[in-house]
$ cat upload08.cif   # mmCIF, C-alpha atoms
data_model
loop_
_atom_site.label_atom_id
_atom_site.label_comp_id
_atom_site.auth_asym_id
_atom_site.auth_seq_id
_atom_site.Cartn_x
_atom_site.Cartn_y
_atom_site.Cartn_z
CA MET A 1078 107.21 -58.61 -24.99
CA ALA A 1079 104.02 -58.04 -27.00
CA CYS A 1080 103.68 -54.65 -28.67
CA THR A 1081 100.91 -52.44 -27.35
CA ALA A 1082 98.44 -51.44 -30.04
CA PRO A 1083 98.34 -47.70 -30.83
CA LYS A 1084 95.68 -45.80 -28.92
CA ARG A 1085 92.67 -44.73 -30.95
CA VAL A 1086 91.34 -41.24 -30.34
CA CYS A 1087 87.86 -39.84 -30.91
CA ILE A 1088 87.01 -36.16 -30.59
CA VAL A 1089 83.38 -35.82 -29.53
CA GLY A 1090 82.44 -32.43 -30.90
CA SER A 1091 83.42 -30.27 -33.85
CA GLY A 1092 82.71 -26.65 -33.02
CA ASN A 1093 85.29 -23.87 -32.94
CA TRP A 1094 87.29 -25.38 -30.03
CA GLY A 1095 86.72 -28.99 -31.06
CA SER A 1096 88.08 -28.32 -34.54
CA ALA A 1097 91.13 -26.49 -33.16
CA ILE A 1098 91.89 -29.49 -30.93
CA ALA A 1099 91.31 -31.86 -33.86
CA LYS A 1100 94.04 -30.01 -35.74
CA ILE A 1101 96.48 -30.66 -32.87
CA VAL A 1102 95.48 -34.26 -32.17
CA GLY A 1103 95.49 -35.21 -35.84
CA SER A 1104 99.00 -33.84 -36.32
CA ASN A 1105 100.28 -35.55 -33.17
CA ALA A 1106 98.74 -38.87 -34.22
CA LEU A 1107 100.76 -38.85 -37.43
CA ARG A 1108 103.99 -38.22 -35.49
CA GLN A 1109 103.59 -40.56 -32.53
CA LYS A 1110 103.72 -44.34 -32.87
CA HIS A 1111 101.58 -45.01 -29.79
CA ILE A 1112 98.63 -43.06 -31.24
CA ASP A 1113 96.64 -44.53 -34.14
CA ASP A 1114 96.86 -42.41 -37.29
CA ARG A 1115 93.10 -42.28 -37.82
CA VAL A 1116 91.38 -39.77 -35.54
CA THR A 1117 87.59 -39.72 -35.64
CA MET A 1118 85.62 -36.54 -34.96
CA TYR A 1119 81.92 -36.63 -34.17
CA VAL A 1120 80.21 -33.90 -36.20
CA TYR A 1121 76.60 -32.90 -35.67
CA GLU A 1122 75.35 -33.00 -39.25
CA GLU A 1123 74.39 -29.69 -40.82
CA MET A 1124 73.76 -28.60 -44.39
CA ILE A 1125 76.09 -25.90 -45.68
CA ASN A 1126 75.09 -24.48 -49.08
CA GLY A 1127 73.32 -27.72 -49.92
CA LYS A 1128 76.15 -30.03 -48.85
CA LYS A 1129 76.66 -32.05 -45.66
CA LEU A 1130 79.21 -30.58 -43.26
CA THR A 1131 80.84 -34.00 -42.75
CA GLU A 1132 81.39 -34.34 -46.49
CA ILE A 1133 82.93 -30.87 -46.69
CA ILE A 1134 85.30 -31.66 -43.80
CA ASN A 1135 86.34 -35.03 -45.24
CA GLU A 1136 86.83 -33.67 -48.76
CA GLN A 1137 88.23 -30.19 -48.09
CA HIS A 1138 89.75 -30.92 -44.64
CA GLU A 1139 88.25 -27.74 -43.24
CA ASN A 1140 85.37 -27.02 -40.88
CA VAL A 1141 84.03 -24.18 -43.00
CA LYS A 1142 81.33 -23.23 -40.48
CA TYR A 1143 83.11 -23.26 -37.12
CA LEU A 1144 86.82 -22.92 -37.98
CA PRO A 1145 87.05 -21.45 -41.48
CA GLY A 1146 90.45 -20.80 -42.96
CA HIS A 1147 92.23 -23.57 -41.06
CA LYS A 1148 93.09 -26.89 -42.64
CA LEU A 1149 92.59 -30.05 -40.59
CA PRO A 1150 95.01 -32.96 -41.03
CA PRO A 1151 93.68 -35.47 -43.60
CA ASN A 1152 93.70 -38.25 -40.99
CA VAL A 1153 90.92 -36.49 -39.03
CA VAL A 1154 87.72 -38.16 -40.21
CA ALA A 1155 84.36 -36.49 -39.66
CA VAL A 1156 81.64 -38.96 -38.61
CA PRO A 1157 77.97 -37.91 -38.21
CA ASP A 1158 77.02 -40.76 -35.85
CA VAL A 1159 78.51 -40.44 -32.38
CA VAL A 1160 78.46 -44.19 -31.68
CA ASP A 1161 80.28 -44.95 -34.94
CA ALA A 1162 82.83 -42.28 -34.13
CA ALA A 1163 83.45 -43.42 -30.55
CA LYS A 1164 82.93 -47.19 -30.43
CA ASP A 1165 86.57 -48.20 -31.07
CA ALA A 1166 88.24 -45.32 -29.26
CA ASP A 1167 90.63 -45.76 -26.35
CA ILE A 1168 90.54 -42.03 -25.59
CA LEU A 1169 87.42 -39.89 -25.89
CA ILE A 1170 87.94 -36.13 -25.97
CA PHE A 1171 84.67 -34.37 -25.15
CA VAL A 1172 84.27 -30.86 -26.50
CA ILE A 1173 80.56 -30.13 -26.93
CA PRO A 1174 78.20 -27.59 -25.34
CA HIS A 1175 77.60 -28.71 -21.77
CA GLN A 1176 73.82 -28.91 -22.13
CA PHE A 1177 74.13 -31.90 -24.49
CA ILE A 1178 76.40 -34.04 -22.33
CA ARG A 1179 73.77 -36.15 -20.54
CA THR A 1180 71.92 -37.06 -23.73
CA LEU A 1181 75.16 -37.87 -25.49
CA CYS A 1182 76.38 -40.04 -22.62
CA SER A 1183 73.07 -41.93 -22.66
CA THR A 1184 73.61 -42.60 -26.36
CA LEU A 1185 77.16 -43.88 -25.77
CA LEU A 1186 76.40 -46.02 -22.71
CA GLY A 1187 77.36 -49.63 -23.42
CA LYS A 1188 78.64 -48.72 -26.90
CA ILE A 1189 82.23 -47.77 -26.04
CA LYS A 1190 85.24 -49.74 -24.82
CA PRO A 1191 85.01 -50.37 -21.06
CA THR A 1192 88.74 -49.62 -20.87
CA ALA A 1193 88.40 -46.21 -22.52
CA ILE A 1194 89.37 -43.01 -20.75
CA ALA A 1195 87.92 -39.55 -21.25
CA LEU A 1196 89.21 -35.99 -21.36
CA SER A 1197 86.69 -33.17 -21.00
CA LEU A 1198 87.39 -29.78 -22.58
CA ILE A 1199 83.88 -28.58 -21.73
CA LYS A 1200 83.89 -25.28 -19.86
CA GLY A 1201 80.76 -24.94 -17.78
CA PHE A 1202 78.60 -26.73 -15.25
CA ASP A 1203 75.46 -28.73 -15.79
CA ARG A 1204 72.39 -28.31 -13.63
CA ALA A 1205 72.23 -30.90 -10.86
CA GLU A 1206 68.93 -32.51 -9.92
CA GLY A 1207 67.20 -30.22 -7.47
CA GLY A 1208 69.37 -27.26 -8.52
CA GLY A 1209 72.99 -26.33 -8.14
CA ILE A 1210 75.87 -27.58 -10.24
CA ASP A 1211 77.23 -30.88 -11.46
CA LEU A 1212 80.75 -31.09 -12.85
CA ILE A 1213 80.86 -32.34 -16.44
CA SER A 1214 83.70 -34.79 -15.71
CA HIS A 1215 81.64 -36.28 -12.89
CA ILE A 1216 78.66 -36.72 -15.24
CA ILE A 1217 80.83 -38.48 -17.82
CA THR A 1218 82.36 -40.81 -15.22
CA ARG A 1219 79.00 -41.53 -13.59
CA HIS A 1220 77.15 -42.25 -16.85
CA LEU A 1221 79.86 -44.00 -18.88
CA LYS A 1222 81.72 -45.59 -15.95
CA ILE A 1223 85.11 -44.50 -17.24
CA PRO A 1224 87.66 -42.10 -15.69
CA CYS A 1225 87.52 -38.54 -16.97
CA ALA A 1226 90.31 -35.97 -16.75
CA VAL A 1227 89.83 -32.30 -17.66
CA LEU A 1228 91.66 -29.73 -19.79
CA MET A 1229 91.20 -26.01 -19.16
CA GLY A 1230 93.34 -22.99 -19.91
CA ALA A 1231 93.81 -19.63 -21.60
CA ASN A 1232 93.00 -21.14 -24.97
CA LEU A 1233 90.96 -18.98 -27.33
CA ALA A 1234 90.27 -21.41 -30.15
CA ASN A 1235 91.18 -19.20 -33.10
CA GLU A 1236 94.53 -18.30 -31.57
CA VAL A 1237 95.28 -21.98 -30.89
CA ALA A 1238 94.34 -22.77 -34.50
CA ASP A 1239 96.69 -19.99 -35.63
CA GLU A 1240 99.43 -21.80 -33.67
CA LYS A 1241 100.14 -18.83 -31.42
CA PHE A 1242 101.99 -19.86 -28.28
CA CYS A 1243 99.86 -20.64 -25.22
CA GLU A 1244 99.63 -22.93 -22.22
CA THR A 1245 96.93 -25.22 -20.90
CA THR A 1246 96.29 -27.32 -17.80
CA ILE A 1247 95.24 -30.96 -17.61
CA GLY A 1248 93.73 -32.06 -14.31
CA CYS A 1249 94.22 -35.80 -13.98
CA LYS A 1250 94.31 -37.86 -10.79
CA ASP A 1251 95.69 -40.99 -12.49
CA VAL A 1252 99.47 -40.75 -12.80
CA ARG A 1253 99.42 -43.25 -15.68
CA ASN A 1254 96.90 -41.38 -17.82
CA GLY A 1255 98.29 -37.87 -17.33
CA PRO A 1256 101.44 -38.33 -19.49
CA LEU A 1257 99.44 -40.10 -22.22
CA LEU A 1258 96.91 -37.28 -22.43
CA ARG A 1259 99.70 -34.71 -22.42
CA ASP A 1260 101.42 -36.44 -25.36
CA ILE A 1261 98.21 -36.39 -27.40
CA ILE A 1262 97.62 -32.68 -26.80
CA GLN A 1263 101.02 -31.00 -26.45
CA THR A 1264 102.84 -29.25 -29.30
CA ASP A 1265 105.67 -26.74 -29.45
CA TYR A 1266 103.09 -23.92 -29.40
CA PHE A 1267 100.50 -25.55 -27.08
CA ARG A 1268 102.26 -26.41 -23.84
CA VAL A 1269 100.64 -28.63 -21.23
CA VAL A 1270 101.06 -28.79 -17.45
CA VAL A 1271 99.47 -31.79 -15.71
CA VAL A 1272 98.20 -31.42 -12.13
CA ASP A 1273 96.21 -33.83 -9.98
CA ASP A 1274 93.70 -31.21 -8.74
CA GLU A 1275 90.96 -32.22 -11.21
CA ASP A 1276 87.95 -30.53 -9.64
CA THR A 1277 89.66 -27.18 -9.13
CA VAL A 1278 90.85 -27.14 -12.75
CA GLU A 1279 87.30 -27.76 -13.96
CA VAL A 1280 85.64 -25.30 -11.59
CA CYS A 1281 88.03 -22.57 -12.75
CA GLY A 1282 87.02 -23.22 -16.33
CA ALA A 1283 83.39 -22.51 -15.48
CA LEU A 1284 83.60 -19.71 -12.93
CA LYS A 1285 85.82 -17.50 -15.08
CA ASN A 1286 82.87 -17.09 -17.47
CA ILE A 1287 80.91 -15.35 -14.72
CA VAL A 1288 83.76 -12.92 -14.09
CA ALA A 1289 84.06 -12.31 -17.84
CA CYS A 1290 80.46 -11.09 -17.85
CA GLY A 1291 81.45 -8.57 -15.18
CA ALA A 1292 84.40 -7.45 -17.31
CA GLY A 1293 82.01 -6.96 -20.23
CA PHE A 1294 79.69 -4.84 -18.09
CA VAL A 1295 82.68 -2.66 -17.16
CA ASP A 1296 83.58 -2.27 -20.84
CA GLY A 1297 80.00 -1.47 -21.75
CA LEU A 1298 79.85 1.18 -19.04
CA GLY A 1299 83.16 2.67 -20.22
CA LEU A 1300 84.73 2.45 -16.77
CA GLY A 1301 88.27 1.78 -17.93
CA ASP A 1302 91.10 -0.65 -17.34
CA ASN A 1303 91.63 0.05 -13.64
CA THR A 1304 88.04 -0.91 -12.83
CA LYS A 1305 88.29 -3.96 -15.08
CA ALA A 1306 91.47 -5.07 -13.31
CA ALA A 1307 89.70 -4.73 -9.95
CA VAL A 1308 86.80 -6.86 -11.20
CA ILE A 1309 89.24 -9.51 -12.44
CA ARG A 1310 91.09 -9.59 -9.11
CA LEU A 1311 87.91 -9.73 -7.03
CA GLY A 1312 86.57 -12.39 -9.38
CA LEU A 1313 89.67 -14.51 -8.85
CA MET A 1314 89.28 -14.22 -5.09
CA GLU A 1315 85.63 -15.33 -5.32
CA MET A 1316 86.72 -18.28 -7.45
CA VAL A 1317 89.21 -19.29 -4.75
CA LYS A 1318 86.59 -18.86 -2.05
CA PHE A 1319 84.00 -20.87 -4.01
CA VAL A 1320 86.38 -23.85 -4.34
CA ASP A 1321 87.29 -23.49 -0.68
CA VAL A 1322 83.64 -23.69 0.38
CA PHE A 1323 82.16 -26.18 -2.09
CA TYR A 1324 85.17 -28.31 -3.15
CA PRO A 1325 87.45 -28.36 -0.09
CA GLY A 1326 90.85 -29.91 -0.58
CA GLY A 1327 91.79 -27.96 -3.67
CA LYS A 1328 95.24 -26.39 -4.03
CA LEU A 1329 95.80 -22.66 -4.19
CA SER A 1330 98.67 -23.28 -6.62
CA THR A 1331 96.17 -24.54 -9.22
CA PHE A 1332 94.77 -21.02 -9.55
CA PHE A 1333 98.20 -19.90 -10.78
CA GLU A 1334 98.17 -22.44 -13.62
CA SER A 1335 96.79 -21.61 -17.06
CA CYS A 1336 93.35 -22.87 -16.01
CA GLY A 1337 93.18 -20.20 -13.33
CA VAL A 1338 94.54 -16.69 -13.58
CA ALA A 1339 95.65 -16.97 -17.23
CA ASP A 1340 92.27 -18.22 -18.49
CA LEU A 1341 90.53 -15.58 -16.39
CA ILE A 1342 92.57 -12.77 -17.95
CA THR A 1343 92.18 -13.88 -21.56
CA THR A 1344 88.45 -14.51 -21.17
CA CYS A 1345 87.92 -11.08 -19.61
CA TYR A 1346 89.60 -9.45 -22.59
CA GLY A 1347 88.80 -11.67 -25.56
CA GLY A 1348 86.01 -14.16 -24.87
CA ARG A 1349 82.38 -14.35 -26.00
CA ASN A 1350 80.97 -13.78 -22.50
CA ARG A 1351 82.78 -10.44 -22.26
CA LYS A 1352 81.73 -9.43 -25.78
CA VAL A 1353 78.04 -10.21 -25.32
CA SER A 1354 77.95 -8.61 -21.87
CA GLU A 1355 79.40 -5.40 -23.25
CA ALA A 1356 76.72 -5.39 -25.95
CA TYR A 1357 74.06 -6.06 -23.29
CA VAL A 1358 74.95 -2.79 -21.60
CA LYS A 1359 75.26 -0.78 -24.81
CA THR A 1360 72.22 -2.05 -26.72
CA GLY A 1361 69.64 -2.84 -24.06
CA LYS A 1362 68.84 -6.10 -25.87
CA SER A 1363 68.33 -9.33 -23.94
CA ILE A 1364 71.13 -11.87 -23.42
CA LYS A 1365 69.21 -14.37 -25.58
CA GLU A 1366 68.81 -11.89 -28.46
CA LEU A 1367 72.51 -11.07 -28.42
CA GLU A 1368 73.51 -14.73 -28.21
CA ASP A 1369 71.47 -15.45 -31.34
CA GLU A 1370 72.85 -12.41 -33.17
CA MET A 1371 76.53 -12.61 -32.24
CA LEU A 1372 77.60 -16.19 -31.62
CA ASN A 1373 76.97 -18.12 -34.86
CA GLY A 1374 75.13 -20.92 -33.06
CA GLN A 1375 77.49 -21.07 -30.07
CA LYS A 1376 76.15 -20.83 -26.53
CA LEU A 1377 76.93 -18.36 -23.75
CA GLN A 1378 78.07 -20.01 -20.52
CA GLY A 1379 78.44 -17.10 -18.09
CA PRO A 1380 74.78 -16.24 -17.31
CA PHE A 1381 73.80 -19.91 -16.94
CA THR A 1382 76.74 -20.62 -14.65
CA ALA A 1383 75.97 -17.50 -12.61
CA GLU A 1384 72.40 -18.73 -12.10
CA GLU A 1385 73.46 -22.15 -10.85
CA VAL A 1386 76.18 -20.72 -8.62
CA ASN A 1387 73.63 -18.30 -7.17
CA TYR A 1388 71.34 -21.22 -6.34
CA MET A 1389 74.15 -22.81 -4.34
CA LEU A 1390 75.06 -19.56 -2.60
CA LYS A 1391 71.44 -18.84 -1.71
CA ASN A 1392 71.04 -22.32 -0.21
CA ARG A 1393 74.03 -21.62 2.06
CA GLY A 1394 72.95 -18.04 2.85
CA MET A 1395 76.21 -16.84 1.30
CA GLU A 1396 75.15 -14.40 -1.44
CA ASP A 1397 76.60 -11.48 0.52
CA LYS A 1398 79.95 -13.30 0.78
CA PHE A 1399 80.17 -13.41 -3.04
CA PRO A 1400 79.00 -9.91 -4.05
CA LEU A 1401 80.61 -10.03 -7.51
CA PHE A 1402 79.00 -13.34 -8.52
CA THR A 1403 75.69 -12.22 -7.01
CA ALA A 1404 75.65 -8.84 -8.78
CA ILE A 1405 76.49 -10.42 -12.16
CA HIS A 1406 73.64 -12.91 -11.75
CA ARG A 1407 71.22 -10.14 -10.85
CA ILE A 1408 72.23 -8.07 -13.89
CA CYS A 1409 71.94 -11.05 -16.26
CA THR A 1410 68.42 -11.77 -14.98
CA GLY A 1411 67.26 -8.15 -15.09
CA GLN A 1412 67.04 -7.70 -11.32
CA LEU A 1413 69.78 -5.06 -11.30
CA ARG A 1414 70.70 -2.41 -13.84
CA PRO A 1415 74.31 -2.63 -15.09
CA ALA A 1416 74.94 0.88 -13.77
CA GLY A 1417 74.54 -0.51 -10.23
CA PHE A 1418 77.29 -3.09 -10.67
CA ILE A 1419 80.18 -1.22 -9.04
CA ASP A 1420 78.10 -0.17 -6.02
CA CYS A 1421 77.65 -3.88 -5.25
CA ILE A 1422 81.40 -4.49 -4.94
CA ARG A 1423 82.67 -1.28 -3.33
CA ASN A 1424 82.82 -2.90 0.10
CA HIS A 1425 83.89 -6.36 -0.99
CA PRO A 1426 84.70 -8.69 1.97
CA GLU A 1427 87.68 -10.24 0.15
CA HIS A 1428 90.33 -8.29 2.07
CA ILE A 1429 89.45 -10.02 5.33
CA TYR A 1430 88.93 -13.54 3.92
CA ILE A 1431 91.37 -16.30 4.85
CA PRO A 1432 90.97 -19.64 2.98
CA LYS A 1433 90.29 -22.54 5.34
CA HIS A 1434 90.55 -25.61 3.15
CA ILE A 1435 92.99 -24.68 0.38
CA SER A 1436 96.71 -25.34 0.65
CA PHE A 1437 99.74 -24.93 -1.56
#
$ encode --input "upload08.cif" --output "structure tokens"
Amino acid sequence: MACTAPKRVCIVGSGNWGSAIAKIVGSNALRQKHIDDRVTMYVYEEMINGKKLTEIINEQHENVKYLPGHKLPPNVVAVPDVVDAAKDADILIFVIPHQFIRTLCSTLLGKIKPTAIALSLIKGFDRAEGGGIDLISHIITRHLKIPCAVLMGANLANEVADEKFCETTIGCKDVRNGPLLRDIIQTDYFRVVVVDDEDTVEVCGALKNIVACGAGFVDGLGLGDNTKAAVIRLGLMEMVKFVDVFYPGGKLSTFFESCGVADLITTCYGGRNRKVSEAYVKTGKSIKELEDEMLNGQKLQGPFTAEEVNYMLKNRGMEDKFPLFTAIHRICTGQLRPAGFIDCIRNHPEHIYIPKHISF
């Protein structure tokens, strides 16, 4: 029997989360015979103190801008051209800001292996033509004509890089690809559960950012942990309802994986959407001003996602059925003062809602 060549992996993206994943994938590649030792990482070229970021990463094995203080394995090679990084890869791991995905896919079209598979770690939706949302994995599959699984979970990048124990969820419909992707990602501190409910996994990864904005408003208003817990619970119920309405066929059990309730909790206590939303209440500055001041070039997903979700709800005449999502959108766009947030959810319809299309 002929030996199967080791799978080559490319990480498309090198921010905070991309670098943390590169640390894991690089280490696993050195330990596993079916993964090629050399892992490429596409790095958007920047100058840091007069030196190219790719050169710093390849010489010092550290992403000094986005993941300082953490060494990357020496087999992770930073490449400034995305086609050069990806052209020989069997597995493409996408971890870039969602707004760049269409342009990047256009650049890669026809330049990658037709047998390649993708894994998206991108939390957020893109804007569909005519408004509404488009799932990132669907965009990748549609543009590059390759299957795309998703990875979402309670995975704050710095904690993953510190090798603190956590879990994650891979949504993958293909029973052959799921175990392969798990082997590339899993470590003794980063545990992976594979489910086949791809769309629900991805939708959870985006919607939780809206709820995190609500948690930040609560913190900014000084309303306490009980109120924050209520916002998290109501947010989870609106997430379930949203999947039920717009992506019927999902499984309720998926919301109890790391991509669901666990990611929601950690994002509502430790994520950037919560942090900026708290500052929005306390400072009176705009979301854009705070993003520029606080996020070191990273982008905020919650307000954008809330806007696109609101477009979908408005088209269905369902804004009143999702009062939490609707109120958060209105606050982010200046239509509602943060002080009015709780009044919008006092009589939440959740307690009488029965899912129609979700099963265990």
$ resolve_selection --input "upload08.cif" --expression "the PyMOL selection byres ((chain A and resi 1106) around 10)" --output "PyMOL selection string"
chain A and resi 1083-1086+1101-1105+1107-1116+1150+1152-1153+1260-1262
$ closest_residue --input "upload08.cif" --among "A:Ala1356, A:Leu1372, A:Ala1163, A:Cys1249" --to "Val1270 of chain A" --atoms "only C-alpha atoms"
A:Cys1249
$ atom_distance --input "upload08.cif" --atom1 "atom CA of Leu1341 of chain A" --atom2 "atom CA of Leu1284 of chain A"
8.8 Å
$ residues_around --input "upload08.cif" --residues "segment 1125-1141 of chain A" --least-positions-apart "2" --cutoff "10 Å" --atoms "only C-alpha atoms" --output "list in words"
Ser1091, Gly1092, Asn1093, Ser1096, Ala1097, Lys1100, Met1118, Tyr1119, Val1120, Tyr1121, Glu1122, Glu1123, Tyr1143, Leu1144, Pro1145, Gly1146, His1147, Lys1148, Leu1149, Pro1150, Pro1151, Asn1152, Val1153, Val1154, Ala1155, Val1156 and Pro1157 of chain A
$ atom_distance --input "upload08.cif" --atom1 "atom CA of His1406 of chain A" --atom2 "atom CA of Asn1387 of chain A"
7.1 Å
$ atom_distance --input "upload08.cif" --atom1 "atom CA of Ala1238 of chain A" --atom2 "atom CA of Phe1332 of chain A"
25.0 Å
$ residues_around --input "upload08.cif" --residues "Ile1309 of chain A" --least-positions-apart "3" --cutoff "12 Å" --atoms "all atoms listed in the file" --output "PyMOL selection string"
chain A and resi 1284-1293+1295+1302-1306+1312-1316+1337-1346+1351+1401-1402+1422
$ resolve_selection --input "upload08.cif" --expression "the PyMOL selection byres ((chain A and resi 1216) around 12)" --output "VMD selection string"
chain A and resid 1171 1175 to 1183 1195 1197 1199 1202 to 1206 1210 to 1215 1217 to 1226
$ resolve_selection --input "upload08.cif" --expression "the PyMOL selection byres ((chain A and resi 1409) around 12)" --output "ChimeraX atom specification"
/A:1287,1290-1291,1293-1294,1350,1353-1355,1357-1358,1361-1365,1377-1384,1387,1402-1408,1410-1415,1418
$ residues_around --input "upload08.cif" --residues "Lys1241 of chain A" --least-positions-apart "2" --cutoff "10 Å" --atoms "all atoms listed in the file" --output "PyMOL selection string"
chain A and resi 1232+1235-1239+1243+1265-1267
$ closest_residue --input "upload08.cif" --among "A:Lys1376, A:Lys1398, A:Lys1359, A:Lys1142" --to "Phe1319 of chain A" --atoms "only C-alpha atoms"
A:Lys1398
$ closest_residue --input "upload08.cif" --among "A:Val1269, A:Leu1196, A:Arg1259, A:Gly1326" --to "Thr1246 of chain A" --atoms "only C-alpha atoms"
A:Val1269
$ closest_residue --input "upload08.cif" --among "A:Thr1277, A:Thr1184, A:Ser1335, A:Thr1117" --to "Asp1167 of chain A" --atoms "all atoms listed in the file"
A:Thr1117
$ closest_residue --input "upload08.cif" --among "A:Asn1373, A:Thr1245, A:Asp1276, A:Asp1165" --to "Leu1233 of chain A" --atoms "all atoms listed in the file"
A:Thr1245
$ residues_around --input "upload08.cif" --residues "Arg1393 of chain A" --least-positions-apart "4" --cutoff "12 Å" --atoms "only C-alpha atoms" --output "PyMOL selection string"
chain A and resi 1209+1319+1322-1323+1386-1389+1397-1399
$ residues_around --input "upload08.cif" --residues "Val1271 of chain A" --least-positions-apart "2" --cutoff "10 Å" --atoms "all atoms listed in the file" --output "PyMOL selection string"
chain A and resi 1227-1228+1245-1250+1252+1255-1256+1258-1259+1269+1273-1275+1334
$ write_last_selection --input "upload08.cif" --atoms "C-alpha atoms" --output "compact mmCIF listing (two decimals), in the coordinates of the input"
# COMPACT_ATOMS: atom_id res chain seq x y z
CA VAL A 1227 89.83 -32.30 -17.66
CA LEU A 1228 91.66 -29.73 -19.79
CA THR A 1245 96.93 -25.22 -20.90
CA THR A 1246 96.29 -27.32 -17.80
CA ILE A 1247 95.24 -30.96 -17.61
CA GLY A 1248 93.73 -32.06 -14.31
CA CYS A 1249 94.22 -35.80 -13.98
CA LYS A 1250 94.31 -37.86 -10.79
CA VAL A 1252 99.47 -40.75 -12.80
CA GLY A 1255 98.29 -37.87 -17.33
CA PRO A 1256 101.44 -38.33 -19.49
CA LEU A 1258 96.91 -37.28 -22.43
CA ARG A 1259 99.70 -34.71 -22.42
CA VAL A 1269 100.64 -28.63 -21.23
CA ASP A 1273 96.21 -33.83 -9.98
CA ASP A 1274 93.70 -31.21 -8.74
CA GLU A 1275 90.96 -32.22 -11.21
CA GLU A 1334 98.17 -22.44 -13.62
